[in-house]
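Student: I have a structure here, written as structure tokens, and I will follow up with some questions on it.
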Amino acid sequence: MTKTLKPRTSAREKLRSVNPSGNKDSNFFDLVFQVVAQIPKGRVTTYGAIAACLGTKSSARMVGWAMNAVPKGPPRLPAHRVVNRNGMLSGKHAFPTPDAMQKRLEREKIKVVDDKVQDFKRVFWNPSEELN
DNA sequence: GAAATGACGTAAG
DNA sequence: ACTTACGCCATTT
């Protein structure tokens, strides 16, 4: 088994701050999954944006870590729509094939050149604004 | 417990 | 605009 996914760390305490509902079930990973799942087709977002939306702006790296912990089974999260602030497909290596991520983005009408999203500013989707 | 690693971000050159 | 350096936070060794 492998597994893991037990984020019972200080990060969880921070999450409480952003979870006035008292949802202790909502872990950092789960929150990230929720946001990622809401990314519209043909749009992309950044780790920092997600982290900021969750309130843990400084934990942009943890967002990426959460992506690595994304369950492969359903529901499939559009992790390919999450890139870094530079618009670079930094997570392509986490896919079955490095080309899978770019191919998927291109299928969404998103132009990708040199592992970088073109018109990134235009396709950028801000969870803090669009998602509320 | 300390050091190294990592789907990041910002600052400085 | 591109490259290098440093900081952040959790996981792993």
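Ligands are numbered from 1 in the order shown, residues from 1 within each chain, and chains are lettered A, B, ... in the order they appear in the structure tokens.
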Write down as number ranges by chain the residues of range 43-102 of chain A whose backbone DSSP state falls under strand (DSSP E or B).
Tutor: A: 44-46, 82-83, 88
Student: Could you tell me which residues of chain C sit within 7 Å of chain A when counting only C-alpha atoms (C1' of nucleotides), and give me the result as a PyMOL selection string?
Tutor: chain C and resi 8-10
Student: Name the residues of range 80-129 of chain A that come out as alpha helix (DSSP H) in a backbone DSSP run; write them as a list of chain:residue names.
Tutor: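 Here is the list: A:Pro98, A:Asp99, A:Ala100, A:Met101, A:Gln102, A:Lys103, A:Arg104, A:Leu105, A:Glu106, A:Arg107, A:Phe120, A:Lys121, A:Arg122, A:Val123.
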Student: Please, which residues of chain B lie no more than 8 Å from chain A when the count uses only C-alpha atoms (C1' of nucleotides), and can they be set out as a short mmCIF file (atom, residue, chain, number, x, y, z; two decimals) with N, CA and C atoms (P, O5', C5', C4', C3', O3' and C1' of nucleotides), in the first residue's frame?
Tutor:
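Done, and the output landed in iface21.cif:
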```
data_model
loop_
_atom_site.label_atom_id
_atom_site.label_comp_id
_atom_site.auth_asym_id
_atom_site.auth_seq_id
_atom_site.Cartn_x
_atom_site.Cartn_y
_atom_site.Cartn_z
P DG B 6 13.79 16.17 -6.81
"O5'" DG B 6 12.40 16.94 -6.64
"C5'" DG B 6 11.24 16.25 -6.16
"C4'" DG B 6 10.06 17.20 -6.10
"C3'" DG B 6 10.03 18.18 -7.27
"O3'" DG B 6 8.72 18.25 -7.84
"C1'" DG B 6 9.96 19.35 -5.21
P DA B 7 8.91 18.01 -9.41
"O5'" DA B 7 7.97 19.03 -10.13
"C5'" DA B 7 6.65 19.04 -9.80
"C4'" DA B 7 6.03 20.24 -10.45
"C3'" DA B 7 5.39 21.16 -9.43
"O3'" DA B 7 5.28 22.45 -9.96
"C1'" DA B 7 3.74 20.10 -10.69
P DC B 8 6.53 23.48 -9.89
"O5'" DC B 8 6.04 24.46 -8.72
"C5'" DC B 8 4.68 24.69 -8.47
"C4'" DC B 8 4.50 26.06 -7.81
"C3'" DC B 8 4.69 27.23 -8.77
"O3'" DC B 8 3.74 28.24 -8.45
"C1'" DC B 8 6.24 27.37 -7.02
P DG B 9 3.76 29.61 -9.24
"O5'" DG B 9 4.57 30.54 -8.24
"C5'" DG B 9 4.11 30.69 -6.90
"C4'" DG B 9 4.78 31.90 -6.25
"C3'" DG B 9 4.92 33.09 -7.22
"O3'" DG B 9 4.57 34.29 -6.58
"C1'" DG B 9 7.06 32.41 -6.44
#
```
Student: Can you tell me which residues surround DC6 in chain C at a distance of at most 12 Å, considering only C-alpha atoms (C1' of nucleotides), apart from same-chain residues fewer than 4 positions away, and format the answer as a list in words?
Tutor: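 Contacts, in chain order: DG9, DT10, DA11 and DA12 of chain B.
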Student: What does the file look like for those residues with N, CA and C atoms (P, O5', C5', C4', C3', O3' and C1' of nucleotides), as a compact mmCIF listing (two decimals), in the first residue's frame?
Tutor:
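Resulting contents of out_14.txt:
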```txt
# COMPACT_ATOMS: atom_id res chain seq x y z
P DG B 9 3.76 29.61 -9.24
O5' DG B 9 4.57 30.54 -8.24
C5' DG B 9 4.11 30.69 -6.90
C4' DG B 9 4.78 31.90 -6.25
C3' DG B 9 4.92 33.09 -7.22
O3' DG B 9 4.57 34.29 -6.58
C1' DG B 9 7.06 32.41 -6.44
P DT B 10 4.63 35.68 -7.41
O5' DT B 10 5.89 36.45 -6.78
C5' DT B 10 6.03 36.52 -5.34
C4' DT B 10 7.42 37.04 -5.00
C3' DT B 10 7.80 38.30 -5.79
O3' DT B 10 8.32 39.28 -4.88
C1' DT B 10 9.48 36.64 -6.02
P DA B 11 8.77 40.70 -5.49
O5' DA B 11 10.36 40.56 -5.40
C5' DA B 11 10.94 40.10 -4.18
C4' DA B 11 12.47 40.08 -4.30
C3' DA B 11 13.06 41.32 -4.98
O3' DA B 11 14.26 41.72 -4.33
C1' DA B 11 13.67 39.38 -6.19
P DA B 12 14.99 43.05 -4.78
O5' DA B 12 16.24 42.44 -5.57
C5' DA B 12 17.15 41.57 -4.89
C4' DA B 12 18.20 41.04 -5.86
C3' DA B 12 18.91 42.14 -6.66
O3' DA B 12 20.31 41.87 -6.68
C1' DA B 12 18.00 40.52 -8.12
```
